[in-house]
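Visitor: Can you keep this structure in mind? I'll have questions shortly.
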Amino acid sequence: MSEEKKPKKMAIIVHSGSLDKLYPVFMLSSTGAAMDVETHLFFTFWGLMALKKGGLDKAGLPGLMTIGTSMMKGKIRDAKVPPLTELLKMCRQMGNVKIYACSTTMEIMGVKREELIPEVDEVVGAASFLSIALDSDVQLFI
C-alpha cells in the first residue's frame, strides 16, 4: 500500500516593503513554486504597502540607503533579474503561490481592499495565516 506524498509547503511573513527584502521574498517564492512547493505569502505592516497598486514599482531601499535605490535598480536590471512586478507574475503563473493581506494591518494603515493589487488572494488575520504556517515545512519572516 503506497501512501500519497504530502506536498511541501512554505509560509513567508512579509514584514518589510523595501526593495532589498521584497526581492528575496519573490525569488524564494518563485523558486519554491518551481520546485513544486506550495507557497503562502502574508504581507503585514510595511510589507502590505507593496501590495497597494503601484507599491512594487515604488519600493526602494530603506533609511539612509534610499539614495542608492536608483543604482540598485540599475544593478538588478544589468544582472537581467526581472523587476518585482515580473517576479510576482512568475509566481502567479506557477499556480501554487498564494498572497494574503493582513486584515489588522489594513485597518491600522487605513488601506481598503480596492487599493490592493488584484493578485491578492485573500485578506486574512494572523490566526488564519498562522494555521497555514503551522502546517508548513518552512516558515520565514522577511
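Lettering and numbering for the C-alpha cells are positional, with chains as A, B, ... in the shown order, residues counted from 1 in each chain, and ligands counted from 1 in the shown order.
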Pick out the residues sitting within 10 Å of Ala50 of chain A, and hand them over as a VMD selection string; count only C-alpha atoms, and ignore anything fewer than 6 positions along from it in its own chain.
Guide: chain A and resid 14 16 to 19 22 43 to 44 56 to 59 84 116 to 117
Visitor: Find the spatial neighbours of Ala126 of chain A, counting only C-alpha atoms, within a cut-off of 12 Å - ignore same-chain residues fewer than 4 positions away - and output them as a short mmCIF file (atom, residue, chain, number, x, y, z; two decimals) with C-alpha atoms, in the first residue's frame.
Guide:
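Result file is out.cif:
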data_model
loop_
_atom_site.label_atom_id
_atom_site.label_comp_id
_atom_site.auth_asym_id
_atom_site.auth_seq_id
_atom_site.Cartn_x
_atom_site.Cartn_y
_atom_site.Cartn_z
CA ILE A 13 5.60 36.59 6.59
CA PHE A 42 1.41 37.02 4.33
CA PHE A 43 2.01 40.75 3.86
CA THR A 44 1.82 42.75 7.07
CA PHE A 45 2.80 46.25 8.22
CA TYR A 100 -2.58 37.23 1.71
CA ALA A 101 -3.01 40.76 3.05
CA CYS A 102 -3.18 41.22 6.83
CA SER A 103 -6.64 42.45 7.82
CA THR A 104 -5.42 44.09 11.03
CA THR A 105 -2.66 45.97 9.24
CA LEU A 130 -0.69 31.01 11.50
CA SER A 131 -2.78 27.91 10.85
CA ILE A 132 -1.19 27.78 7.38
CA ALA A 133 2.29 28.45 8.77
CA LEU A 134 1.97 25.78 11.46
#
Visitor: Can you list, as a count of residues only, every residue of segment 75-125 of chain A that DSSP puts in strand (DSSP E)?
Guide: 9
Visitor: Of the candidates A:Leu64, A:Lys73, A:Met94, A:Leu48, which one gets nearest to Val123 of chain A if we count only C-alpha atoms?
Guide: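 Checking each of A:Leu64, A:Lys73, A:Met94, A:Leu48 against Val123 of chain A, counting only C-alpha atoms, the winner is A:Leu48.
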Visitor: I'd like to know which of A:Arg77, A:Lys98, A:Lys52, A:Arg113 is closest to Met10 of chain A, using only C-alpha atoms.
Guide: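 Residue with the minimum atom-to-atom distance to Met10 of chain A: A:Lys98.
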Visitor: Residues within 9 Å of segment 32-35 of chain A, please, as JSON, numbers by chain. Count only C-alpha atoms; anything in the same chain fewer than 5 positions from it doesn't count.
Guide: {"A": [9, 10, 27, 91, 94, 95, 96, 97]}
Visitor: Given the selection you just returned, output its residues as a file containing N, CA and C atoms, formatted as a compact mmCIF listing (two decimals), in the first residue's frame.
Guide:
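The resulting file, selection.txt, is reproduced below:
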# COMPACT_ATOMS: atom_id res chain seq x y z
N LYS A 9 5.31 22.62 1.77
CA LYS A 9 4.63 23.90 1.94
C LYS A 9 5.58 24.89 2.60
N MET A 10 5.55 26.16 2.11
CA MET A 10 6.37 27.23 2.68
C MET A 10 5.46 28.42 3.02
N MET A 27 11.93 35.93 -5.04
CA MET A 27 12.88 34.95 -5.59
C MET A 27 12.69 33.60 -4.91
N CYS A 91 5.39 34.16 -10.17
CA CYS A 91 4.84 33.41 -9.04
C CYS A 91 3.40 33.02 -9.30
N MET A 94 2.83 30.16 -11.77
CA MET A 94 3.12 28.83 -11.26
C MET A 94 1.86 28.16 -10.71
N GLY A 95 0.96 28.97 -10.19
CA GLY A 95 -0.31 28.45 -9.69
C GLY A 95 -0.29 27.96 -8.26
N ASN A 96 0.87 27.90 -7.62
CA ASN A 96 0.93 27.40 -6.25
C ASN A 96 1.50 28.42 -5.27
N VAL A 97 1.35 29.71 -5.61
CA VAL A 97 1.75 30.80 -4.71
C VAL A 97 0.49 31.58 -4.37
Visitor: Check the smallest atom-to-atom distance from each of A:Glu86, A:Gln139, A:Lys6, A:Asp20 to Met72 of chain A using only C-alpha atoms, then report the winner.
Guide: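 The shortest atom-to-atom distance to Met72 of chain A comes from A:Asp20.
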Visitor: I need the residue nearest Val138 of chain A from this list: A:His15, A:Leu28, A:Lys5, A:Gln93. Use only C-alpha atoms for the distance.
Guide: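 For Val138 of chain A, the nearest of the given residues is A:Leu28.
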Visitor: Given the choices A:Glu107, A:Lys112, A:Phe141, A:Met71, which gets closest to Gly125 of chain A if the distance is worked out from only C-alpha atoms?
Guide: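 Closest residue, counting only C-alpha atoms: A:Glu107.
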Visitor: Please give the complete set of residues from segment 45-140 of chain A that DSSP, run on the backbone, assigns to helix (DSSP H, G or I), formatted as number ranges by chain.
Guide: A: 45-51, 55-58, 63-78, 84-94, 103-109, 113-115, 126-134
Visitor: Just checking: using only C-alpha atoms, which residue out of A:Val25, A:Leu88, A:Leu61, A:Val120 ends up closest to Ile12 of chain A?
Guide: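 Going through A:Val25, A:Leu88, A:Leu61, A:Val120 one by one, the smallest distance to Ile12 of chain A is for A:Val25.
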Visitor: Please report the interatomic distance between atom CA of Asp78 of chain A and atom CA of Val37 of chain A in Å with one decimal.
Guide: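 Those two atoms sit 29.0 Å apart.
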Visitor: Measure the distance from atom CA of Gly110 of chain A to atom CA of Trp46 of chain A in Å and round it to one decimal.
Guide: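 Spanning atom CA of Gly110 of chain A to atom CA of Trp46 of chain A is a straight-line distance of 12.7 Å.
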